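The data block below is query.cif; it holds mmCIF, N, CA and C atoms.
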```cif
data_start
loop_
_atom_site.label_atom_id
_atom_site.label_comp_id
_atom_site.auth_asym_id
_atom_site.auth_seq_id
_atom_site.Cartn_x
_atom_site.Cartn_y
_atom_site.Cartn_z
N MET Y 1 -305.53 -11.83 -36.93
CA MET Y 1 -306.16 -12.25 -35.70
C MET Y 1 -306.80 -13.63 -35.85
N ASN Y 2 -307.45 -13.88 -37.00
CA ASN Y 2 -308.06 -15.19 -37.25
C ASN Y 2 -307.03 -16.31 -37.21
N THR Y 3 -305.85 -16.08 -37.76
CA THR Y 3 -304.80 -17.08 -37.76
C THR Y 3 -304.36 -17.38 -36.33
N TYR Y 4 -304.24 -16.34 -35.51
CA TYR Y 4 -303.85 -16.51 -34.12
C TYR Y 4 -304.87 -17.38 -33.37
N LEU Y 5 -306.15 -17.10 -33.55
CA LEU Y 5 -307.19 -17.89 -32.89
C LEU Y 5 -307.20 -19.33 -33.39
N SER Y 6 -306.98 -19.52 -34.66
CA SER Y 6 -306.93 -20.85 -35.24
C SER Y 6 -305.77 -21.66 -34.63
N ILE Y 7 -304.62 -21.05 -34.52
CA ILE Y 7 -303.46 -21.73 -33.91
C ILE Y 7 -303.72 -22.04 -32.45
N LEU Y 8 -304.29 -21.09 -31.74
CA LEU Y 8 -304.59 -21.29 -30.33
C LEU Y 8 -305.59 -22.44 -30.14
N LEU Y 9 -306.62 -22.47 -30.96
CA LEU Y 9 -307.61 -23.54 -30.89
C LEU Y 9 -306.97 -24.89 -31.18
N HIS Y 10 -306.12 -24.93 -32.18
CA HIS Y 10 -305.42 -26.17 -32.53
C HIS Y 10 -304.55 -26.64 -31.36
N LEU Y 11 -303.83 -25.75 -30.74
CA LEU Y 11 -302.99 -26.11 -29.59
C LEU Y 11 -303.82 -26.62 -28.43
N LEU Y 12 -304.97 -26.01 -28.20
CA LEU Y 12 -305.85 -26.48 -27.13
C LEU Y 12 -306.38 -27.89 -27.42
N LEU Y 13 -306.75 -28.16 -28.65
CA LEU Y 13 -307.24 -29.48 -29.02
C LEU Y 13 -306.15 -30.53 -28.89
N VAL Y 14 -304.95 -30.22 -29.31
CA VAL Y 14 -303.83 -31.15 -29.19
C VAL Y 14 -303.54 -31.41 -27.71
N SER Y 15 -303.54 -30.38 -26.90
CA SER Y 15 -303.29 -30.53 -25.47
C SER Y 15 -304.35 -31.41 -24.82
N ALA Y 16 -305.61 -31.19 -25.19
CA ALA Y 16 -306.69 -32.02 -24.64
C ALA Y 16 -306.53 -33.48 -25.03
N ALA Y 17 -306.15 -33.73 -26.27
CA ALA Y 17 -305.94 -35.11 -26.73
C ALA Y 17 -304.81 -35.77 -25.97
N LEU Y 18 -303.75 -35.03 -25.72
CA LEU Y 18 -302.62 -35.58 -24.97
C LEU Y 18 -303.01 -35.89 -23.53
N LEU Y 19 -303.78 -35.01 -22.93
CA LEU Y 19 -304.23 -35.24 -21.56
C LEU Y 19 -305.13 -36.46 -21.47
N LEU Y 20 -306.03 -36.61 -22.44
CA LEU Y 20 -306.90 -37.78 -22.44
C LEU Y 20 -306.10 -39.06 -22.63
N GLY Y 21 -305.11 -39.02 -23.48
CA GLY Y 21 -304.27 -40.19 -23.70
C GLY Y 21 -303.43 -40.54 -22.49
N ALA Y 22 -303.13 -39.57 -21.67
CA ALA Y 22 -302.29 -39.78 -20.50
C ALA Y 22 -303.07 -40.37 -19.33
N SER Y 23 -304.39 -40.48 -19.46
CA SER Y 23 -305.19 -40.93 -18.34
C SER Y 23 -305.54 -42.42 -18.46
N ALA Y 24 -304.62 -43.22 -18.91
CA ALA Y 24 -304.85 -44.66 -19.04
C ALA Y 24 -305.13 -45.25 -17.66
N GLU Y 25 -305.97 -46.26 -17.66
CA GLU Y 25 -306.36 -46.94 -16.42
C GLU Y 25 -305.70 -48.31 -16.34
N THR Y 26 -305.50 -48.77 -15.14
CA THR Y 26 -305.06 -50.14 -14.89
C THR Y 26 -306.17 -50.84 -14.13
N TYR Y 27 -306.67 -51.93 -14.70
CA TYR Y 27 -307.76 -52.70 -14.10
C TYR Y 27 -307.22 -54.04 -13.64
N THR Y 28 -307.42 -54.36 -12.37
CA THR Y 28 -307.06 -55.67 -11.85
C THR Y 28 -308.27 -56.59 -12.02
N VAL Y 29 -308.13 -57.56 -12.89
CA VAL Y 29 -309.24 -58.46 -13.21
C VAL Y 29 -309.64 -59.23 -11.96
N GLY Y 30 -310.93 -59.11 -11.60
CA GLY Y 30 -311.44 -59.78 -10.41
C GLY Y 30 -311.14 -59.04 -9.12
N GLU Y 31 -310.53 -57.87 -9.23
CA GLU Y 31 -310.16 -57.05 -8.07
C GLU Y 31 -309.38 -57.90 -7.07
N ILE Y 32 -309.79 -57.92 -5.81
CA ILE Y 32 -309.04 -58.60 -4.74
C ILE Y 32 -309.04 -60.12 -4.91
N ASP Y 33 -310.09 -60.68 -5.55
CA ASP Y 33 -310.16 -62.13 -5.75
C ASP Y 33 -309.24 -62.61 -6.85
N GLY Y 34 -308.82 -61.71 -7.74
CA GLY Y 34 -307.93 -62.09 -8.82
C GLY Y 34 -308.62 -62.95 -9.87
N TRP Y 35 -307.78 -63.65 -10.63
CA TRP Y 35 -308.21 -64.51 -11.73
C TRP Y 35 -308.36 -65.92 -11.18
N ASN Y 36 -309.60 -66.42 -11.07
CA ASN Y 36 -309.86 -67.71 -10.46
C ASN Y 36 -311.01 -68.40 -11.17
N SER Y 37 -311.32 -69.59 -10.75
CA SER Y 37 -312.36 -70.36 -11.43
C SER Y 37 -313.74 -70.22 -10.79
N TYR Y 38 -313.91 -69.33 -9.81
CA TYR Y 38 -315.21 -69.20 -9.17
C TYR Y 38 -315.84 -67.81 -9.27
N SER Y 39 -315.12 -66.81 -9.77
CA SER Y 39 -315.67 -65.46 -9.88
C SER Y 39 -316.44 -65.29 -11.19
N ASN Y 40 -317.34 -64.32 -11.21
CA ASN Y 40 -318.10 -64.01 -12.41
C ASN Y 40 -317.46 -62.78 -13.06
N TYR Y 41 -316.68 -62.99 -14.11
CA TYR Y 41 -315.94 -61.90 -14.75
C TYR Y 41 -316.80 -61.06 -15.67
N THR Y 42 -317.92 -61.59 -16.12
CA THR Y 42 -318.86 -60.77 -16.88
C THR Y 42 -319.41 -59.68 -15.97
N ASP Y 43 -319.77 -60.05 -14.74
CA ASP Y 43 -320.21 -59.06 -13.75
C ASP Y 43 -319.10 -58.08 -13.43
N TRP Y 44 -317.87 -58.59 -13.29
CA TRP Y 44 -316.74 -57.70 -12.97
C TRP Y 44 -316.56 -56.64 -14.06
N ALA Y 45 -316.66 -57.03 -15.33
CA ALA Y 45 -316.41 -56.10 -16.43
C ALA Y 45 -317.57 -55.12 -16.65
N GLN Y 46 -318.76 -55.52 -16.21
CA GLN Y 46 -319.94 -54.69 -16.45
C GLN Y 46 -319.79 -53.33 -15.77
N GLY Y 47 -320.11 -52.29 -16.51
CA GLY Y 47 -320.04 -50.94 -15.96
C GLY Y 47 -318.69 -50.27 -16.10
N LYS Y 48 -317.70 -51.02 -16.55
CA LYS Y 48 -316.37 -50.45 -16.77
C LYS Y 48 -316.24 -50.05 -18.24
N THR Y 49 -315.50 -49.00 -18.48
CA THR Y 49 -315.23 -48.56 -19.85
C THR Y 49 -313.75 -48.71 -20.10
N PHE Y 50 -313.41 -49.54 -21.07
CA PHE Y 50 -312.02 -49.85 -21.38
C PHE Y 50 -311.60 -49.09 -22.64
N HIS Y 51 -310.39 -48.56 -22.60
CA HIS Y 51 -309.87 -47.76 -23.72
C HIS Y 51 -308.51 -48.28 -24.15
N VAL Y 52 -308.17 -48.00 -25.41
CA VAL Y 52 -306.82 -48.27 -25.89
C VAL Y 52 -305.85 -47.55 -24.95
N GLY Y 53 -304.81 -48.25 -24.53
CA GLY Y 53 -303.83 -47.69 -23.60
C GLY Y 53 -304.03 -48.16 -22.18
N ASP Y 54 -305.23 -48.68 -21.86
CA ASP Y 54 -305.47 -49.24 -20.54
C ASP Y 54 -304.75 -50.58 -20.41
N ASP Y 55 -304.55 -51.02 -19.18
CA ASP Y 55 -303.93 -52.31 -18.89
C ASP Y 55 -304.88 -53.17 -18.07
N LEU Y 56 -304.90 -54.46 -18.37
CA LEU Y 56 -305.58 -55.45 -17.54
C LEU Y 56 -304.51 -56.24 -16.80
N VAL Y 57 -304.64 -56.36 -15.49
CA VAL Y 57 -303.70 -57.13 -14.68
C VAL Y 57 -304.41 -58.38 -14.20
N PHE Y 58 -303.82 -59.53 -14.46
CA PHE Y 58 -304.35 -60.81 -14.04
C PHE Y 58 -303.45 -61.36 -12.93
N ASN Y 59 -304.00 -61.49 -11.72
CA ASN Y 59 -303.25 -62.05 -10.60
C ASN Y 59 -303.82 -63.42 -10.26
N TYR Y 60 -302.94 -64.41 -10.19
CA TYR Y 60 -303.36 -65.77 -9.88
C TYR Y 60 -302.12 -66.57 -9.51
N GLU Y 61 -302.34 -67.76 -8.99
CA GLU Y 61 -301.23 -68.65 -8.66
C GLU Y 61 -300.74 -69.32 -9.94
N GLY Y 62 -299.49 -69.06 -10.28
CA GLY Y 62 -298.91 -69.67 -11.48
C GLY Y 62 -299.01 -71.19 -11.42
N GLY Y 63 -299.31 -71.79 -12.56
CA GLY Y 63 -299.47 -73.24 -12.62
C GLY Y 63 -300.90 -73.69 -12.36
N GLN Y 64 -301.70 -72.83 -11.74
CA GLN Y 64 -303.10 -73.17 -11.47
C GLN Y 64 -304.04 -72.63 -12.54
N HIS Y 65 -303.62 -71.54 -13.18
CA HIS Y 65 -304.44 -70.88 -14.20
C HIS Y 65 -303.51 -70.35 -15.28
N ASN Y 66 -304.10 -69.86 -16.35
CA ASN Y 66 -303.40 -69.10 -17.37
C ASN Y 66 -304.39 -68.11 -17.96
N VAL Y 67 -303.92 -67.26 -18.83
CA VAL Y 67 -304.77 -66.28 -19.50
C VAL Y 67 -304.52 -66.43 -20.99
N ILE Y 68 -305.55 -66.78 -21.74
CA ILE Y 68 -305.41 -66.93 -23.18
C ILE Y 68 -306.38 -65.96 -23.86
N GLN Y 69 -305.85 -65.17 -24.77
CA GLN Y 69 -306.71 -64.32 -25.59
C GLN Y 69 -307.08 -65.12 -26.83
N VAL Y 70 -308.38 -65.19 -27.10
CA VAL Y 70 -308.89 -65.99 -28.21
C VAL Y 70 -309.86 -65.16 -29.05
N ASN Y 71 -310.41 -65.78 -30.10
CA ASN Y 71 -311.45 -65.11 -30.89
C ASN Y 71 -312.82 -65.50 -30.34
N ALA Y 72 -313.87 -64.95 -30.95
CA ALA Y 72 -315.23 -65.17 -30.46
C ALA Y 72 -315.65 -66.64 -30.50
N THR Y 73 -315.30 -67.34 -31.57
CA THR Y 73 -315.67 -68.75 -31.69
C THR Y 73 -315.01 -69.58 -30.60
N ALA Y 74 -313.72 -69.38 -30.40
CA ALA Y 74 -313.01 -70.12 -29.35
C ALA Y 74 -313.58 -69.78 -27.98
N TYR Y 75 -313.91 -68.53 -27.77
CA TYR Y 75 -314.49 -68.10 -26.50
C TYR Y 75 -315.81 -68.82 -26.24
N ASP Y 76 -316.69 -68.81 -27.23
CA ASP Y 76 -318.01 -69.44 -27.06
C ASP Y 76 -317.90 -70.93 -26.78
N LYS Y 77 -316.90 -71.58 -27.37
CA LYS Y 77 -316.75 -73.03 -27.23
C LYS Y 77 -315.67 -73.44 -26.23
N CYS Y 78 -315.07 -72.45 -25.55
CA CYS Y 78 -313.99 -72.71 -24.59
C CYS Y 78 -312.83 -73.47 -25.23
N LEU Y 79 -312.43 -73.03 -26.40
CA LEU Y 79 -311.29 -73.63 -27.10
C LEU Y 79 -310.03 -72.81 -26.83
N LYS Y 80 -308.89 -73.47 -26.76
CA LYS Y 80 -307.62 -72.78 -26.53
C LYS Y 80 -307.00 -72.23 -27.81
N GLU Y 81 -307.54 -72.64 -28.94
CA GLU Y 81 -307.05 -72.18 -30.25
C GLU Y 81 -308.19 -71.57 -31.04
N PRO Y 82 -307.95 -70.55 -31.81
CA PRO Y 82 -306.66 -69.91 -32.03
C PRO Y 82 -306.23 -69.09 -30.81
N ASN Y 83 -305.02 -69.33 -30.41
CA ASN Y 83 -304.41 -68.64 -29.28
C ASN Y 83 -303.80 -67.35 -29.81
N LEU Y 84 -304.37 -66.21 -29.40
CA LEU Y 84 -303.90 -64.91 -29.86
C LEU Y 84 -302.92 -64.28 -28.88
N GLY Y 85 -302.60 -65.00 -27.83
CA GLY Y 85 -301.68 -64.53 -26.80
C GLY Y 85 -301.95 -65.28 -25.52
N GLU Y 86 -300.90 -65.77 -24.89
CA GLU Y 86 -301.05 -66.55 -23.66
C GLU Y 86 -300.07 -66.07 -22.61
N SER Y 87 -300.56 -65.99 -21.38
CA SER Y 87 -299.72 -65.65 -20.22
C SER Y 87 -299.95 -66.70 -19.16
N ARG Y 88 -298.91 -66.97 -18.38
CA ARG Y 88 -299.06 -68.02 -17.38
C ARG Y 88 -298.22 -67.85 -16.14
N ASN Y 89 -297.65 -66.66 -15.92
CA ASN Y 89 -296.76 -66.54 -14.76
C ASN Y 89 -297.45 -66.15 -13.46
N GLY Y 90 -298.71 -65.71 -13.52
CA GLY Y 90 -299.44 -65.41 -12.29
C GLY Y 90 -299.56 -63.94 -11.97
N ASN Y 91 -298.79 -63.12 -12.63
CA ASN Y 91 -298.90 -61.67 -12.47
C ASN Y 91 -298.73 -61.07 -13.86
N ASP Y 92 -299.77 -61.18 -14.67
CA ASP Y 92 -299.70 -60.85 -16.08
C ASP Y 92 -300.41 -59.54 -16.38
N THR Y 93 -299.80 -58.73 -17.21
CA THR Y 93 -300.41 -57.49 -17.65
C THR Y 93 -300.64 -57.55 -19.15
N VAL Y 94 -301.86 -57.27 -19.55
CA VAL Y 94 -302.22 -57.23 -20.96
C VAL Y 94 -302.56 -55.78 -21.30
N ALA Y 95 -301.80 -55.20 -22.21
CA ALA Y 95 -302.06 -53.84 -22.67
C ALA Y 95 -303.14 -53.87 -23.74
N LEU Y 96 -304.13 -53.03 -23.58
CA LEU Y 96 -305.21 -52.93 -24.57
C LEU Y 96 -304.72 -52.01 -25.68
N ALA Y 97 -304.41 -52.62 -26.83
CA ALA Y 97 -303.69 -51.90 -27.88
C ALA Y 97 -304.55 -51.50 -29.07
N LYS Y 98 -305.75 -52.08 -29.19
CA LYS Y 98 -306.56 -51.71 -30.36
C LYS Y 98 -308.04 -51.73 -30.01
N VAL Y 99 -308.79 -51.00 -30.81
CA VAL Y 99 -310.23 -50.87 -30.63
C VAL Y 99 -310.92 -52.16 -31.08
N GLY Y 100 -311.95 -52.55 -30.35
CA GLY Y 100 -312.75 -53.71 -30.72
C GLY Y 100 -312.99 -54.63 -29.53
N ARG Y 101 -313.70 -55.71 -29.79
CA ARG Y 101 -313.99 -56.69 -28.74
C ARG Y 101 -312.82 -57.64 -28.62
N ILE Y 102 -312.47 -57.98 -27.38
CA ILE Y 102 -311.45 -59.00 -27.12
C ILE Y 102 -311.99 -59.99 -26.10
N TRP Y 103 -311.50 -61.22 -26.19
CA TRP Y 103 -311.99 -62.33 -25.39
C TRP Y 103 -310.83 -62.99 -24.66
N PHE Y 104 -311.06 -63.31 -23.38
CA PHE Y 104 -310.06 -63.98 -22.56
C PHE Y 104 -310.69 -65.19 -21.89
N LEU Y 105 -309.87 -66.22 -21.72
CA LEU Y 105 -310.32 -67.39 -20.98
C LEU Y 105 -309.13 -68.06 -20.30
N CYS Y 106 -309.45 -68.93 -19.35
CA CYS Y 106 -308.44 -69.78 -18.73
C CYS Y 106 -308.47 -71.11 -19.45
N GLY Y 107 -307.30 -71.57 -19.88
CA GLY Y 107 -307.21 -72.82 -20.63
C GLY Y 107 -306.86 -74.03 -19.78
N MET Y 108 -306.84 -73.88 -18.48
CA MET Y 108 -306.52 -75.00 -17.59
C MET Y 108 -307.76 -75.84 -17.34
N ALA Y 109 -307.59 -77.15 -17.40
CA ALA Y 109 -308.66 -78.12 -17.11
C ALA Y 109 -309.99 -77.65 -17.71
N ASP Y 110 -311.03 -77.59 -16.89
CA ASP Y 110 -312.34 -77.17 -17.36
C ASP Y 110 -312.72 -75.80 -16.77
N HIS Y 111 -311.73 -74.97 -16.47
CA HIS Y 111 -311.99 -73.67 -15.86
C HIS Y 111 -312.88 -72.78 -16.72
N CYS Y 112 -312.63 -72.77 -18.02
CA CYS Y 112 -313.45 -71.95 -18.91
C CYS Y 112 -314.90 -72.43 -18.88
N GLU Y 113 -315.09 -73.73 -18.94
CA GLU Y 113 -316.44 -74.28 -18.94
C GLU Y 113 -317.20 -73.90 -17.67
N PHE Y 114 -316.46 -73.69 -16.58
CA PHE Y 114 -317.08 -73.28 -15.32
C PHE Y 114 -317.15 -71.76 -15.18
N GLY Y 115 -316.81 -71.03 -16.25
CA GLY Y 115 -317.05 -69.60 -16.26
C GLY Y 115 -315.84 -68.70 -16.15
N GLN Y 116 -314.64 -69.25 -16.17
CA GLN Y 116 -313.44 -68.41 -16.05
C GLN Y 116 -313.10 -67.85 -17.42
N LYS Y 117 -313.91 -66.86 -17.81
CA LYS Y 117 -313.73 -66.20 -19.10
C LYS Y 117 -314.51 -64.90 -19.09
N PHE Y 118 -314.14 -64.00 -19.96
CA PHE Y 118 -314.90 -62.76 -20.14
C PHE Y 118 -314.46 -62.09 -21.42
N SER Y 119 -315.30 -61.19 -21.90
CA SER Y 119 -314.95 -60.39 -23.07
C SER Y 119 -315.24 -58.94 -22.74
N ILE Y 120 -314.52 -58.05 -23.41
CA ILE Y 120 -314.73 -56.62 -23.22
C ILE Y 120 -314.66 -55.92 -24.56
N GLU Y 121 -315.26 -54.76 -24.61
CA GLU Y 121 -315.17 -53.89 -25.78
C GLU Y 121 -314.17 -52.79 -25.45
N VAL Y 122 -313.17 -52.62 -26.31
CA VAL Y 122 -312.15 -51.61 -26.12
C VAL Y 122 -312.46 -50.43 -27.03
N LEU Y 123 -312.56 -49.26 -26.44
CA LEU Y 123 -312.89 -48.03 -27.16
C LEU Y 123 -311.62 -47.22 -27.43
N PRO Y 124 -311.70 -46.27 -28.36
CA PRO Y 124 -310.51 -45.44 -28.64
C PRO Y 124 -310.05 -44.66 -27.40
#
```

Translate this file's structure into structure tokens.
Amino acid sequence: MNTYLSILLHLLLVSAALLLGASAETYTVGEIDGWNSYSNYTDWAQGKTFHVGDDLVFNYEGGQHNVIQVNATAYDKCLKEPNLGESRNGNDTVALAKVGRIWFLCGMADHCEFGQKFSIEVLP
């Protein structure tokens, strides 16, 4: 009987883990305003919980903006390098693939300096 309960408990835990993994979210950065040089993305990200498996969607006019993933130093100084990934087509999806803090900015003109950047913490 103990073995039966142990197997049943294991199956329930595996099922719960699969269900949690299946509930990935898609976040549109900036919501209806999209990715632009006048929104406050720190405010947008506040209160949201991001997990591995979630997607960030960046909507913007191609050629006017881009999305560059950088490290903390580049983020603080609005540097385009080291470039850990860049998108520029205007309808970009970034899959959150690992746990930790990630940083995004726009590398066009002085958009980053005017606040077109944000960072988030990605949880398991």

From a DSSP calculation on the backbone, collect every residue of stretch 2-107 of chain Y in alpha helix (DSSP H) and output the set as a ChimeraX atom specification. /Y:2-21,41-45,72-77

Residues picked by the PyMOL selection byres (((chain Y and resi 38 and name CA) around 10) and name CA) here, as a PyMOL selection string? chain Y and resi 33+35-37+39-41+111+114-116

Write a file of the just-selected residues containing N, CA and C atoms, as a PDB file, keeping the file's coordinate frame.
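Below is the file that was written, result_34.pdb:
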```pdb
ATOM      1  N   ASP Y  33    -310.090 -60.680  -5.550  1.00  0.00           N
ATOM      2  CA  ASP Y  33    -310.160 -62.130  -5.750  1.00  0.00           C
ATOM      3  C   ASP Y  33    -309.240 -62.610  -6.850  1.00  0.00           C
ATOM      4  N   TRP Y  35    -307.780 -63.650 -10.630  1.00  0.00           N
ATOM      5  CA  TRP Y  35    -308.210 -64.510 -11.730  1.00  0.00           C
ATOM      6  C   TRP Y  35    -308.360 -65.920 -11.180  1.00  0.00           C
ATOM      7  N   ASN Y  36    -309.600 -66.420 -11.070  1.00  0.00           N
ATOM      8  CA  ASN Y  36    -309.860 -67.710 -10.460  1.00  0.00           C
ATOM      9  C   ASN Y  36    -311.010 -68.400 -11.170  1.00  0.00           C
ATOM     10  N   SER Y  37    -311.320 -69.590 -10.750  1.00  0.00           N
ATOM     11  CA  SER Y  37    -312.360 -70.360 -11.430  1.00  0.00           C
ATOM     12  C   SER Y  37    -313.740 -70.220 -10.790  1.00  0.00           C
ATOM     13  N   SER Y  39    -315.120 -66.810  -9.770  1.00  0.00           N
ATOM     14  CA  SER Y  39    -315.670 -65.460  -9.880  1.00  0.00           C
ATOM     15  C   SER Y  39    -316.440 -65.290 -11.190  1.00  0.00           C
ATOM     16  N   ASN Y  40    -317.340 -64.320 -11.210  1.00  0.00           N
ATOM     17  CA  ASN Y  40    -318.100 -64.010 -12.410  1.00  0.00           C
ATOM     18  C   ASN Y  40    -317.460 -62.780 -13.060  1.00  0.00           C
ATOM     19  N   TYR Y  41    -316.680 -62.990 -14.110  1.00  0.00           N
ATOM     20  CA  TYR Y  41    -315.940 -61.900 -14.750  1.00  0.00           C
ATOM     21  C   TYR Y  41    -316.800 -61.060 -15.670  1.00  0.00           C
ATOM     22  N   HIS Y 111    -311.730 -74.970 -16.470  1.00  0.00           N
ATOM     23  CA  HIS Y 111    -311.990 -73.670 -15.860  1.00  0.00           C
ATOM     24  C   HIS Y 111    -312.880 -72.780 -16.720  1.00  0.00           C
ATOM     25  N   PHE Y 114    -316.460 -73.690 -16.580  1.00  0.00           N
ATOM     26  CA  PHE Y 114    -317.080 -73.280 -15.320  1.00  0.00           C
ATOM     27  C   PHE Y 114    -317.150 -71.760 -15.180  1.00  0.00           C
ATOM     28  N   GLY Y 115    -316.810 -71.030 -16.250  1.00  0.00           N
ATOM     29  CA  GLY Y 115    -317.050 -69.600 -16.260  1.00  0.00           C
ATOM     30  C   GLY Y 115    -315.840 -68.700 -16.150  1.00  0.00           C
ATOM     31  N   GLN Y 116    -314.640 -69.250 -16.170  1.00  0.00           N
ATOM     32  CA  GLN Y 116    -313.440 -68.410 -16.050  1.00  0.00           C
ATOM     33  C   GLN Y 116    -313.100 -67.850 -17.420  1.00  0.00           C
TER      34      GLN Y 116
END
```

If the PyMOL selection byres ((chain Y and resi 80) around 8) is run on the structure shown, which residues does it catch, given as number ranges by chain? Y: 68-71, 74-75, 77-79, 81-84, 105-107

Residue neighbourhood Y:Gly53, 7 Å, only C-alpha atoms, exclusion window fewer than 2 positions, as a count of residues only: 6

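From atom CA of Y:Gly100 back to atom CA of Y:Ser87, the distance works out to 20.6 Å.
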
Using only N, CA and C atoms, which residues sit within 7 Å of Y:Tyr60 once same-chain residues fewer than 3 positions away are excluded, as an MDAnalysis selection string? chainID Y and resid 34:36 63:65 89:92

Give me, please, the distance in Å between atom CA of Y:Phe104 and atom CA of Y:Pro124, quoted to one decimal. 19.5 Å

Atomic separation - atom CA of Y:Glu61 relative to atom C of Y:Lys98, Å: 28.1 Å

Within 8 Å of (-316.0, -59.6, -22.3) (coordinates as in the file), grab all the protein and nucleic acid residues, counting only N, CA and C atoms, and write them out as number ranges by chain. Y: 41-42, 45-46, 101-104, 117-121

Missing atoms in stretch 43-58 of chain Y need filling: write out N, CA, C and O atoms for it as a short mmCIF file (atom, residue, chain, number, x, y, z; two decimals), keeping the file's coordinate frame.
```cif
data_model
loop_
_atom_site.label_atom_id
_atom_site.label_comp_id
_atom_site.auth_asym_id
_atom_site.auth_seq_id
_atom_site.Cartn_x
_atom_site.Cartn_y
_atom_site.Cartn_z
N ASP Y 43 -319.77 -60.05 -14.74
CA ASP Y 43 -320.21 -59.06 -13.75
C ASP Y 43 -319.10 -58.08 -13.43
O ASP Y 43 -319.34 -56.88 -13.30
N TRP Y 44 -317.87 -58.59 -13.29
CA TRP Y 44 -316.74 -57.70 -12.97
C TRP Y 44 -316.56 -56.64 -14.06
O TRP Y 44 -316.34 -55.46 -13.76
N ALA Y 45 -316.66 -57.03 -15.33
CA ALA Y 45 -316.41 -56.10 -16.43
C ALA Y 45 -317.57 -55.12 -16.65
O ALA Y 45 -317.37 -54.03 -17.18
N GLN Y 46 -318.76 -55.52 -16.21
CA GLN Y 46 -319.94 -54.69 -16.45
C GLN Y 46 -319.79 -53.33 -15.77
O GLN Y 46 -319.37 -53.24 -14.62
N GLY Y 47 -320.11 -52.29 -16.51
CA GLY Y 47 -320.04 -50.94 -15.96
C GLY Y 47 -318.69 -50.27 -16.10
O GLY Y 47 -318.54 -49.10 -15.80
N LYS Y 48 -317.70 -51.02 -16.55
CA LYS Y 48 -316.37 -50.45 -16.77
C LYS Y 48 -316.24 -50.05 -18.24
O LYS Y 48 -316.79 -50.70 -19.11
N THR Y 49 -315.50 -49.00 -18.48
CA THR Y 49 -315.23 -48.56 -19.85
C THR Y 49 -313.75 -48.71 -20.10
O THR Y 49 -312.93 -48.10 -19.41
N PHE Y 50 -313.41 -49.54 -21.07
CA PHE Y 50 -312.02 -49.85 -21.38
C PHE Y 50 -311.60 -49.09 -22.64
O PHE Y 50 -312.36 -49.02 -23.60
N HIS Y 51 -310.39 -48.56 -22.60
CA HIS Y 51 -309.87 -47.76 -23.72
C HIS Y 51 -308.51 -48.28 -24.15
O HIS Y 51 -307.78 -48.88 -23.34
N VAL Y 52 -308.17 -48.00 -25.41
CA VAL Y 52 -306.82 -48.27 -25.89
C VAL Y 52 -305.85 -47.55 -24.95
O VAL Y 52 -306.07 -46.39 -24.59
N GLY Y 53 -304.81 -48.25 -24.53
CA GLY Y 53 -303.83 -47.69 -23.60
C GLY Y 53 -304.03 -48.16 -22.18
O GLY Y 53 -303.12 -48.07 -21.36
N ASP Y 54 -305.23 -48.68 -21.86
CA ASP Y 54 -305.47 -49.24 -20.54
C ASP Y 54 -304.75 -50.58 -20.41
O ASP Y 54 -304.41 -51.21 -21.42
N ASP Y 55 -304.55 -51.02 -19.18
CA ASP Y 55 -303.93 -52.31 -18.89
C ASP Y 55 -304.88 -53.17 -18.07
O ASP Y 55 -305.57 -52.67 -17.17
N LEU Y 56 -304.90 -54.46 -18.37
CA LEU Y 56 -305.58 -55.45 -17.54
C LEU Y 56 -304.51 -56.24 -16.80
O LEU Y 56 -303.56 -56.73 -17.42
N VAL Y 57 -304.64 -56.36 -15.49
CA VAL Y 57 -303.70 -57.13 -14.68
C VAL Y 57 -304.41 -58.38 -14.20
O VAL Y 57 -305.49 -58.30 -13.60
N PHE Y 58 -303.82 -59.53 -14.46
CA PHE Y 58 -304.35 -60.81 -14.04
C PHE Y 58 -303.45 -61.36 -12.93
O PHE Y 58 -302.28 -61.67 -13.18
#
```
